[in-house]
>>> print(open('run23.csv').read())   # CSV, C-alpha atoms
chain,number,residue,atom,x,y,z
A,1,MET,CA,98.8,80.8,85.0
A,2,LEU,CA,98.8,83.9,87.3
A,3,ARG,CA,98.8,81.8,90.4
A,4,ARG,CA,102.0,80.0,89.3
A,5,LEU,CA,103.8,83.4,89.0
A,6,ILE,CA,102.8,84.4,92.5
A,7,PRO,CA,105.4,83.3,95.1
A,8,GLY,CA,104.1,80.9,97.8
A,9,GLY,CA,105.7,82.7,100.7
A,10,LEU,CA,103.6,85.1,102.7
A,11,ARG,CA,106.4,87.6,103.0
A,12,ALA,CA,107.0,87.7,99.3
A,13,GLN,CA,103.2,88.0,98.6
A,14,LEU,CA,102.9,91.0,101.0
A,15,ALA,CA,106.0,92.7,99.6
A,16,ILE,CA,104.7,92.2,96.0
A,17,ALA,CA,101.2,93.5,97.0
A,18,ILE,CA,102.8,96.7,98.6
A,19,ALA,CA,105.0,97.2,95.5
A,20,VAL,CA,102.1,96.8,93.1
A,21,ALA,CA,100.0,99.2,95.1
A,22,THR,CA,102.8,101.7,95.1
A,23,ALA,CA,103.3,101.3,91.4
A,24,VAL,CA,99.6,101.8,90.7
A,25,ARG,CA,99.6,104.9,92.9
A,26,ILE,CA,102.6,106.4,91.1
A,27,GLY,CA,101.1,105.6,87.7
A,28,ALA,CA,97.8,107.2,88.7
A,29,SER,CA,99.5,110.4,89.9
A,30,ARG,CA,101.7,110.7,86.7
A,31,SER,CA,98.9,111.3,84.2
A,32,PRO,CA,97.2,114.2,86.2
A,33,GLY,CA,100.6,115.9,86.8
A,34,THR,CA,101.6,115.6,83.1
A,35,ARG,CA,98.2,116.9,82.0
A,36,ARG,CA,98.4,119.9,84.4
A,37,GLU,CA,101.8,120.9,83.2
A,38,SER,CA,100.9,120.5,79.5
A,39,SER,CA,97.7,122.6,80.0
A,40,ARG,CA,99.8,125.3,81.8
A,41,LEU,CA,102.3,125.5,79.0
A,42,ARG,CA,99.6,125.4,76.3
A,43,ALA,CA,97.7,128.2,78.0
A,44,GLN,CA,101.0,130.2,78.1
A,45,ILE,CA,101.5,129.7,74.4
A,46,ASP,CA,97.8,130.7,73.7
A,47,SER,CA,98.3,133.9,75.8
A,48,GLU,CA,101.4,134.8,73.7
A,49,LEU,CA,99.4,134.3,70.5
A,50,ARG,CA,96.6,136.6,71.7
A,51,THR,CA,99.2,139.2,72.6
A,52,GLN,CA,100.5,139.1,69.0
A,53,VAL,CA,97.0,139.5,67.7
A,54,SER,CA,96.5,142.5,70.0
A,55,GLU,CA,99.7,144.1,68.8
A,56,TRP,CA,98.5,143.6,65.1
A,57,ARG,CA,95.3,145.4,65.9
A,58,GLN,CA,97.1,148.2,67.6
A,59,SER,CA,99.5,148.5,64.6
A,60,THR,CA,96.8,148.5,62.0
A,61,ALA,CA,94.1,150.5,63.9
A,62,ARG,CA,94.6,153.6,61.8
A,63,ALA,CA,95.9,152.0,58.6
A,64,ASP,CA,94.0,151.8,55.4
A,65,LEU,CA,93.8,148.1,54.5
A,66,ALA,CA,91.3,148.4,51.7
A,67,THR,CA,93.7,147.5,48.9
A,68,PRO,CA,96.1,144.4,48.6
A,69,GLY,CA,99.1,146.7,48.4
A,70,ALA,CA,98.2,148.6,51.5
A,71,LEU,CA,97.6,145.4,53.5
A,72,THR,CA,100.9,144.0,52.2
A,73,ARG,CA,102.8,147.1,53.4
A,74,ALA,CA,101.1,147.0,56.8
A,75,ALA,CA,102.1,143.3,57.1
A,76,ASP,CA,105.7,144.0,56.2
A,77,GLN,CA,105.8,146.8,58.8
A,78,PHE,CA,104.3,144.7,61.5
A,79,ILE,CA,106.7,141.8,60.9
A,80,ALA,CA,109.7,144.2,60.8
A,81,ALA,CA,108.7,145.5,64.3
A,82,GLN,CA,108.7,141.9,65.8
A,83,ARG,CA,112.5,141.6,65.9
A,84,TYR,CA,112.5,141.3,69.7
A,85,HIS,CA,110.1,138.4,69.8
A,86,ALA,CA,111.2,134.8,69.9
A,87,GLU,CA,112.5,133.4,66.6
A,88,SER,CA,110.1,130.5,66.9
A,89,LEU,CA,107.2,132.8,66.5
A,90,LEU,CA,105.7,132.4,63.0
A,91,ILE,CA,103.6,135.2,61.5
A,92,VAL,CA,101.7,134.7,58.2
A,93,VAL,CA,99.4,137.3,56.5
A,94,GLN,CA,97.5,136.0,53.6
A,95,VAL,CA,96.4,139.0,51.4
A,96,ALA,CA,93.2,138.5,49.4
A,97,GLY,CA,94.2,139.1,45.7
A,98,GLY,CA,97.9,139.6,46.8
A,99,PRO,CA,100.9,137.8,48.1
A,100,THR,CA,101.3,135.9,51.4
A,101,VAL,CA,103.7,137.7,53.8
A,102,SER,CA,105.6,135.8,56.5
A,103,ASN,CA,108.6,136.4,58.8
A,104,ASP,CA,109.9,132.9,57.6
A,105,PRO,CA,109.4,132.8,53.8
A,106,LYS,CA,111.3,129.5,53.4
A,107,LEU,CA,109.2,127.7,56.0
A,108,LEU,CA,106.1,129.2,54.4
A,109,ALA,CA,107.1,127.9,50.9
A,110,ARG,CA,107.7,124.4,52.3
A,111,GLU,CA,104.4,124.4,54.1
A,112,GLU,CA,102.5,125.5,50.9
A,113,ALA,CA,104.2,122.6,49.0
A,114,ARG,CA,103.3,120.1,51.7
A,115,GLU,CA,99.7,121.2,51.9
A,116,GLN,CA,99.4,120.8,48.2
A,117,ARG,CA,100.7,117.2,48.4
A,118,THR,CA,98.6,116.2,51.4
A,119,PRO,CA,95.4,118.3,51.2
A,120,GLU,CA,93.6,116.0,53.7
A,121,THR,CA,96.0,117.1,56.5
A,122,THR,CA,95.1,120.3,58.4
A,123,GLY,CA,98.1,122.6,58.0
A,124,LEU,CA,99.0,126.1,58.9
A,125,LEU,CA,97.4,127.8,55.9
A,126,ASP,CA,94.0,126.1,56.2
A,127,SER,CA,93.6,126.2,60.0
A,128,PRO,CA,90.1,127.4,61.1
A,129,SER,CA,89.4,130.8,62.8
A,130,GLY,CA,90.4,131.0,66.4
A,131,LEU,CA,92.9,128.7,68.3
A,132,ALA,CA,93.8,125.4,66.7
A,133,THR,CA,96.7,122.9,66.6
A,134,ALA,CA,98.2,122.3,63.2
A,135,SER,CA,101.1,120.2,61.7
A,136,VAL,CA,103.6,122.5,60.0
A,137,ALA,CA,106.4,121.3,57.7
A,138,GLU,CA,109.7,120.8,59.6
A,139,ALA,CA,108.3,122.6,62.7
A,140,GLY,CA,106.0,119.8,63.8
A,141,GLY,CA,103.0,120.6,65.9
A,142,MET,CA,102.2,124.3,66.3
A,143,ARG,CA,99.5,126.2,68.1
A,144,VAL,CA,97.9,128.6,65.6
A,145,LEU,CA,95.6,131.6,66.2
A,146,THR,CA,93.7,132.6,63.1
A,147,LEU,CA,92.1,136.1,62.7
A,148,PRO,CA,90.2,137.4,59.6
A,149,ILE,CA,91.4,140.9,58.5
A,150,ARG,CA,88.5,143.2,57.7
A,151,SER,CA,88.3,146.6,56.1
A,152,GLY,CA,84.8,147.9,56.7
A,153,THR,CA,82.5,145.0,56.0
A,154,ARG,CA,84.9,143.2,53.6
A,155,THR,CA,87.4,140.5,54.5
A,156,VAL,CA,90.7,141.6,52.9
A,157,GLY,CA,93.0,138.9,54.3
A,158,THR,CA,93.8,136.5,57.1
A,159,LEU,CA,96.3,136.8,60.0
A,160,ARG,CA,97.9,133.7,61.4
A,161,VAL,CA,100.3,133.7,64.3
A,162,ALA,CA,101.8,130.4,65.4
A,163,ASN,CA,104.1,129.1,68.1
A,164,PRO,CA,105.6,125.6,68.1
A,165,LEU,CA,104.4,123.1,70.8
A,166,THR,CA,108.0,122.0,71.3
A,167,PRO,CA,108.0,123.4,74.9
A,168,VAL,CA,105.0,121.3,75.8
A,169,GLN,CA,106.5,118.2,74.2
A,170,GLN,CA,109.8,118.8,76.0
A,171,ALA,CA,108.0,119.4,79.3
A,172,GLN,CA,106.1,116.2,78.8
A,173,SER,CA,109.3,114.3,78.0
A,174,SER,CA,111.0,115.8,81.1
A,175,LEU,CA,108.1,114.9,83.3
A,176,ARG,CA,108.0,111.4,82.0
A,177,ARG,CA,111.7,111.0,82.8
A,178,ALA,CA,111.3,112.5,86.2
A,179,PHE,CA,108.4,110.3,87.0
A,180,LEU,CA,110.3,107.3,85.8
A,181,ILE,CA,113.3,108.1,88.0
A,182,VAL,CA,111.2,109.1,91.0
A,183,GLY,CA,108.8,106.2,90.5
A,184,ALA,CA,111.7,103.7,90.3
A,185,LEU,CA,113.2,105.1,93.5
A,186,ALA,CA,109.8,105.1,95.2
A,187,LEU,CA,109.2,101.5,94.0
A,188,LEU,CA,112.5,100.4,95.4
A,189,VAL,CA,111.8,102.0,98.7
A,190,ALA,CA,108.3,100.5,98.7
A,191,ILE,CA,109.8,97.1,98.0
A,192,ALA,CA,112.3,97.5,100.9
A,193,VAL,CA,109.6,98.7,103.3
A,194,GLY,CA,107.3,96.0,102.1
A,195,ILE,CA,109.8,93.3,102.7
A,196,GLY,CA,110.4,94.8,106.2
A,197,LEU,CA,106.7,95.1,107.0
A,198,ALA,CA,106.0,91.6,105.6
A,199,SER,CA,108.8,90.1,107.7
A,200,LEU,CA,107.4,91.9,110.7
A,201,ILE,CA,103.8,90.7,110.0
A,202,ALA,CA,104.7,87.2,109.0
A,203,GLU,CA,107.3,86.5,111.8
A,204,PRO,CA,104.6,85.4,114.3
A,205,LEU,CA,103.1,83.1,111.7
A,206,ARG,CA,106.6,81.7,110.8
A,207,ARG,CA,107.3,81.1,114.5
A,208,MET,CA,104.0,79.2,114.8
A,209,ALA,CA,104.9,77.2,111.7
A,210,ARG,CA,108.2,76.3,113.3
A,211,VAL,CA,106.4,75.3,116.5
A,212,ALA,CA,103.9,73.2,114.5
A,213,ALA,CA,106.9,71.4,112.8
A,214,ALA,CA,108.4,70.7,116.2
A,215,VAL,CA,105.1,69.4,117.5
A,216,ASP,CA,104.8,67.2,114.4
A,217,ALA,CA,108.3,65.9,115.3
A,218,GLY,CA,107.0,64.9,118.8
A,219,ASP,CA,108.0,67.9,121.0
A,220,LEU,CA,104.9,69.2,122.7
A,221,SER,CA,106.7,71.5,125.1
A,222,VAL,CA,107.4,74.3,122.6
A,223,ARG,CA,105.2,77.4,122.4
A,224,SER,CA,105.0,80.1,119.8
A,225,GLY,CA,104.9,83.0,122.3
A,226,ALA,CA,103.9,85.3,119.4
A,227,GLY,CA,101.7,87.3,121.7
A,228,ALA,CA,104.5,88.1,124.1
A,229,ALA,CA,106.8,88.8,121.2
A,230,GLY,CA,104.7,91.8,120.1
A,231,ALA,CA,102.1,90.3,117.8
A,232,ARG,CA,98.8,92.2,117.8
A,233,GLY,CA,95.2,91.9,116.6
A,234,GLU,CA,94.1,88.7,114.9
A,235,VAL,CA,97.7,87.3,114.8
A,236,ALA,CA,98.0,87.6,118.6
A,237,VAL,CA,94.6,85.9,119.1
A,238,LEU,CA,95.6,83.1,116.8
A,239,SER,CA,98.9,82.7,118.6
A,240,GLU,CA,97.3,82.6,122.0
A,241,THR,CA,94.7,80.1,120.8
A,242,PHE,CA,97.4,78.0,119.2
A,243,ASP,CA,99.5,78.0,122.4
A,244,ASN,CA,96.4,77.1,124.5
A,245,MET,CA,95.7,74.3,122.2
A,246,LEU,CA,99.2,73.0,122.5
A,247,GLU,CA,98.9,73.3,126.3
A,248,ARG,CA,95.8,71.2,126.4
A,249,LEU,CA,97.3,68.8,123.9
A,250,GLU,CA,100.4,68.4,126.1
A,251,ARG,CA,98.3,67.8,129.2
A,252,ALA,CA,96.2,65.2,127.3
A,253,PHE,CA,99.2,63.4,126.1
A,254,LYS,CA,100.7,63.5,129.6
A,255,ARG,CA,97.6,62.1,131.1
A,256,GLN,CA,97.6,59.4,128.4
A,257,ARG,CA,101.2,58.5,129.2
A,258,ASP,CA,100.5,58.5,132.9
A,259,PHE,CA,97.5,56.3,132.3
A,260,VAL,CA,99.4,53.8,130.2
A,261,SER,CA,102.2,53.8,132.7
A,262,ASP,CA,99.8,53.2,135.6
A,263,ALA,CA,97.8,50.6,133.8
A,264,SER,CA,100.9,48.8,132.7
A,265,HIS,CA,102.3,48.8,136.2
A,266,GLU,CA,99.0,47.6,137.7
A,267,LEU,CA,98.7,44.9,135.1
A,268,ARG,CA,102.3,43.7,135.1
A,269,THR,CA,102.5,43.4,138.9
A,270,PRO,CA,99.8,40.7,139.2
A,271,LEU,CA,100.9,39.1,136.0
A,272,ALA,CA,104.5,38.8,137.3
A,273,VAL,CA,103.1,37.3,140.6
A,274,LEU,CA,101.0,34.9,138.6
A,275,ARG,CA,103.9,33.8,136.5
A,276,ALA,CA,106.1,33.3,139.6
A,277,GLN,CA,103.3,31.3,141.3
A,278,VAL,CA,102.8,29.1,138.2
A,279,GLU,CA,106.5,28.4,138.0
A,280,LEU,CA,106.6,27.5,141.7
A,281,LEU,CA,103.5,25.2,141.4
A,282,ASP,CA,105.1,23.5,138.4
A,283,ARG,CA,108.1,22.5,140.6
A,284,GLU,CA,106.1,21.8,143.8
A,285,THR,CA,105.4,18.2,144.8
A,286,ASP,CA,103.8,18.8,148.2
A,287,GLU,CA,100.0,18.8,147.8
A,288,GLY,CA,99.4,21.2,150.7
A,289,LYS,CA,101.8,23.8,149.3
A,290,ARG,CA,100.3,23.3,145.8
A,291,HIS,CA,96.9,24.0,147.3
A,292,GLU,CA,98.2,27.2,149.0
A,293,GLY,CA,99.7,28.3,145.7
A,294,THR,CA,96.4,27.7,143.9
A,295,VAL,CA,94.6,29.9,146.4
A,296,THR,CA,97.2,32.6,145.9
A,297,LEU,CA,96.7,32.3,142.1
A,298,LEU,CA,93.0,32.6,142.4
A,299,ARG,CA,93.3,35.7,144.7
A,300,ARG,CA,95.7,37.3,142.2
A,301,LEU,CA,93.3,36.5,139.4
A,302,ASP,CA,90.4,38.1,141.3
A,303,GLU,CA,92.6,41.2,141.8
A,304,LEU,CA,93.4,41.4,138.1
A,305,ASP,CA,89.7,41.0,137.3
A,306,ARG,CA,88.8,43.8,139.7
A,307,LEU,CA,91.5,46.0,138.1
A,308,VAL,CA,90.1,45.4,134.6
A,309,ALA,CA,86.6,46.0,135.8
A,310,ASP,CA,87.7,49.3,137.4
A,311,MET,CA,89.4,50.4,134.2
A,312,LEU,CA,86.3,49.6,132.1
A,313,THR,CA,83.7,51.1,134.3
A,314,LEU,CA,85.8,54.0,135.8
A,315,ALA,CA,84.3,53.1,139.2
A,316,SER,CA,84.8,55.5,142.1
A,317,ASP,CA,85.6,54.5,145.6
A,318,THR,CA,82.7,54.0,147.8
A,319,GLY,CA,82.4,54.1,151.5
A,320,PRO,CA,81.3,56.2,154.4
A,321,GLY,CA,82.8,59.4,153.0
A,322,ILE,CA,86.0,61.2,152.4
A,323,PRO,CA,87.9,63.4,154.9
A,324,PRO,CA,88.1,67.0,153.8
A,325,ASP,CA,91.9,66.9,153.5
A,326,GLU,CA,91.6,64.0,151.1
A,327,LEU,CA,89.1,65.6,148.6
A,328,GLU,CA,91.9,66.7,146.3
A,329,PRO,CA,94.5,63.9,146.7
A,330,ILE,CA,92.0,61.2,145.9
A,331,PHE,CA,92.2,62.1,142.2
A,332,GLU,CA,96.0,61.3,142.2
A,333,ARG,CA,97.2,58.0,140.9
A,334,PHE,CA,97.5,55.2,143.4
A,335,HIS,CA,96.1,57.3,146.2
A,336,ARG,CA,94.0,55.5,148.8
A,337,VAL,CA,92.2,57.2,151.6
A,338,ASP,CA,92.5,54.1,153.7
A,339,GLY,CA,96.1,53.1,153.8
A,340,SER,CA,95.2,49.6,154.9
A,341,ARG,CA,93.1,49.2,151.8
A,342,SER,CA,95.6,47.2,149.7
A,343,ARG,CA,95.1,45.5,146.4
A,344,ASP,CA,94.3,42.3,148.3
A,345,ARG,CA,91.2,44.1,149.8
A,346,GLY,CA,90.2,45.8,146.5
A,347,GLY,CA,90.9,49.1,144.8
A,348,SER,CA,93.9,50.0,142.7
A,349,GLY,CA,93.9,53.7,143.3
A,350,LEU,CA,93.4,54.4,139.6
A,351,GLY,CA,89.6,54.8,139.2
A,352,LEU,CA,89.3,58.5,140.1
A,353,ALA,CA,92.5,59.4,138.3
A,354,ILE,CA,91.2,57.8,135.2
A,355,ALA,CA,87.8,59.5,135.7
A,356,ARG,CA,89.4,62.9,136.0
A,357,ALA,CA,91.5,62.3,132.9
A,358,VAL,CA,88.4,61.4,130.8
A,359,VAL,CA,86.3,64.3,132.1
A,360,GLU,CA,89.0,66.9,131.5
A,361,ALA,CA,89.7,65.5,128.1
A,362,HIS,CA,86.1,66.3,127.3
A,363,GLY,CA,86.5,69.9,128.5
A,364,GLY,CA,84.8,69.2,131.9
A,365,SER,CA,85.8,69.1,135.5
A,366,ILE,CA,85.2,66.7,138.4
A,367,ARG,CA,85.2,67.4,142.1
A,368,ALA,CA,84.3,65.6,145.3
A,369,GLU,CA,82.1,66.7,148.2
A,370,SER,CA,81.8,64.7,151.4
A,371,ASN,CA,80.1,64.8,154.7
A,372,PRO,CA,81.4,61.8,156.7
A,373,PRO,CA,80.0,59.4,157.6
A,374,ASN,CA,77.1,60.1,155.2
A,375,GLY,CA,79.0,59.3,152.0
A,376,ALA,CA,80.4,61.4,149.2
A,377,VAL,CA,79.1,63.2,146.1
A,378,PHE,CA,81.1,63.5,143.0
A,379,ARG,CA,80.1,66.3,140.7
A,380,ILE,CA,81.0,66.1,137.0
A,381,ASP,CA,80.6,69.2,135.0
A,382,LEU,CA,80.4,68.7,131.2
A,383,PRO,CA,79.5,72.2,129.7
A,384,ARG,CA,80.0,71.0,126.1
A,385,TYR,CA,77.8,67.9,126.5
A,386,ARG,CA,74.8,67.6,124.0
A,387,PRO,CA,72.5,64.6,124.3
A,388,SER,CA,71.9,62.4,121.3
A,389,GLU,CA,68.5,62.3,119.5
A,390,GLY,CA,65.8,60.8,121.7
A,391,HIS,CA,67.8,61.5,125.0
A,392,ASP,CA,66.9,65.0,126.0
A,393,GLN,CA,66.7,64.5,129.7
A,394,PHE,CA,70.1,66.2,130.2
A,395,THR,CA,71.1,69.4,128.4
A,396,GLY,CA,74.5,70.1,129.9
A,397,GLY,CA,75.6,71.1,133.3
A,398,GLU,CA,76.4,68.8,136.3
A,399,ILE,CA,76.1,65.0,136.7
A,400,LEU,CA,75.9,63.8,140.3
A,401,VAL,CA,77.4,60.5,141.2
A,402,ARG,CA,76.6,59.6,144.8
A,403,GLY,CA,78.5,57.2,146.9
A,404,SER,CA,77.7,55.8,150.3
>>> encode(input="run23.csv", output="structure tokens")
Amino acid sequence: MLRRLIPGGLRAQLAIAIAVATAVRIGASRSPGTRRESSRLRAQIDSELRTQVSEWRQSTARADLATPGALTRAADQFIAAQRYHAESLLIVVQVAGGPTVSNDPKLLAREEAREQRTPETTGLLDSPSGLATASVAEAGGMRVLTLPIRSGTRTVGTLRVANPLTPVQQAQSSLRRAFLIVGALALLVAIAVGIGLASLIAEPLRRMARVAAAVDAGDLSVRSGAGAAGARGEVAVLSETFDNMLERLERAFKRQRDFVSDASHELRTPLAVLRAQVELLDRETDEGKRHEGTVTLLRRLDELDRLVADMLTLASDTGPGIPPDELEPIFERFHRVDGSRSRDRGGSGLGLAIARAVVEAHGGSIRAESNPPNGAVFRIDLPRYRPSEGHDQFTGGEILVRGS
């Protein structure tokens, strides 16, 4: 199912991969950033709560808190002195054997009613000593610092100061929005860059695909040229190998066409002569001329037989040797060292051309060495040759064909 959703084009796949990697990176960086900001704000709230506790201690350091009435008066005085603190700060003093004093009596009354309805929920009035997070009626989550109030060795009450976690929640919400906006923009940029990079990376391959399509249509002259166009690394190596393969393929097809052309020419010429001779003999009534025509036919048949034999055996010219200036031209089609050596005297001028075409098609090379009048040596180098099982006399290298 997943494979069906992935586009088939290389550019689209690369662009999607870059976009996915960017999205994963953005998502991975969002959580640590949010946690750091939340921890910073929470630590700031805790610091403010500790400051309130310190102020309580300073305010009641010399006060007599032994009786409920004295503790209640001290709590009222402390709350009255907090007029310059934020309105969101909540102070609650629970007096043992006395009333509960708070700077927000209405909120306190709603919280007491809620805790009675849902005793299983940890609220403001039953939060444990120290720092804790509690759910408070209408205020939501609050950070609470609880401190037992002692007079001598007795616990005469409990001080609770609380601050809402709204700043933390608002900061988290703002960070989420910011990350969404920045992430969306980064993702769009990543997609655009990914498409550009993917196009740049895939262009040599697309050029090779176009060349392959042209070759499939029959044009062997085209080349990808990706290496010259700026391709690097493995793509450049692939492009160069691809172009070299096309070069060898074009040469092989050219040799094949040349061979077919040469062979058809060499075969059609004697066949045309034979046809003409047969037509003449069919109309000839003179016995002498018919005999001469028969001799000519037999000679042409011998010539055709030699041509076929040369093509089947890839025979090389033999003789006293080859002049130095003829060592290269002898591999060309229809070339004869001895200009007087016509078809009538044997040799079509195709044997060595065919031999070179076959050897080069197998990745080898052929060359001639001569020392007239002591004959010639033809060296065939087949570096890729491997003998079949049971024939291990030759393991690759040169094959010498001597002529005399």
>>> residues_near_point(input="run23.csv", point="(95.4, 61.6, 142.9)", cutoff="10 Å", atoms="all atoms listed in the file", output="list in words")
Glu326, Leu327, Glu328, Pro329, Ile330, Phe331, Glu332, Arg333, Phe334, His335, Arg336, Gly349, Leu350, Gly351, Leu352, Ala353, Ile354 and Arg356 of chain A
>>> closest_residue(input="run23.csv", among="A:Val24, A:Leu159, A:Val136, A:Leu205", to="Thr121 in chain A", atoms="only C-alpha atoms")
A:Val136
>>> atom_distance(input="run23.csv", atom1="CA of Ala19 in chain A", atom2="CA of Ile201 in chain A")
15.9 Å
>>> closest_residue(input="run23.csv", among="A:Arg154, A:Arg25, A:Arg62, A:Arg11", to="Phe179 in chain A", atoms="only C-alpha atoms")
A:Arg25
>>> residues_around(input="run23.csv", residues="Leu197 in chain A", least_positions_apart="4", cutoff="9 Å", atoms="only C-alpha atoms", output="PyMOL selection string")
chain A and resi 11+14-15+192-193+201-202
>>> residues_around(input="run23.csv", residues="range 106-108 of chain A", least_positions_apart="6", cutoff="10 Å", atoms="only C-alpha atoms", output="JSON list (two decimals) with C-alpha atoms, in the coordinates of the input")
[["chain", "number", "residue", "atom", "x", "y", "z"],
["A", 90, "LEU", "CA", 105.70, 132.40, 63.00],
["A", 91, "ILE", "CA", 103.60, 135.20, 61.50],
["A", 92, "VAL", "CA", 101.70, 134.70, 58.20],
["A", 100, "THR", "CA", 101.30, 135.90, 51.40],
["A", 114, "ARG", "CA", 103.30, 120.10, 51.70],
["A", 124, "LEU", "CA", 99.00, 126.10, 58.90],
["A", 125, "LEU", "CA", 97.40, 127.80, 55.90],
["A", 136, "VAL", "CA", 103.60, 122.50, 60.00],
["A", 137, "ALA", "CA", 106.40, 121.30, 57.70],
["A", 138, "GLU", "CA", 109.70, 120.80, 59.60],
["A", 139, "ALA", "CA", 108.30, 122.60, 62.70]]
>>> atom_distance(input="run23.csv", atom1="CA of Ser129 in chain A", atom2="CA of Gln170 in chain A")
27.1 Å
>>> residues_near_point(input="run23.csv", point="(94.8, 143.5, 56.8)", cutoff="6 Å", atoms="all atoms listed in the file", output="JSON, numbers by chain")
{"A": [65, 71, 149, 156, 157]}
>>> atom_distance(input="run23.csv", atom1="CA of Glu115 in chain A", atom2="CA of Gly98 in chain A")
19.2 Å
>>> residues_around(input="run23.csv", residues="range 215-225 of chain A", least_positions_apart="3", cutoff="8 Å", atoms="only C-alpha atoms", output="PyMOL selection string")
chain A and resi 204+207-208+211-212+228-229+239-240+242-243+246+249-250
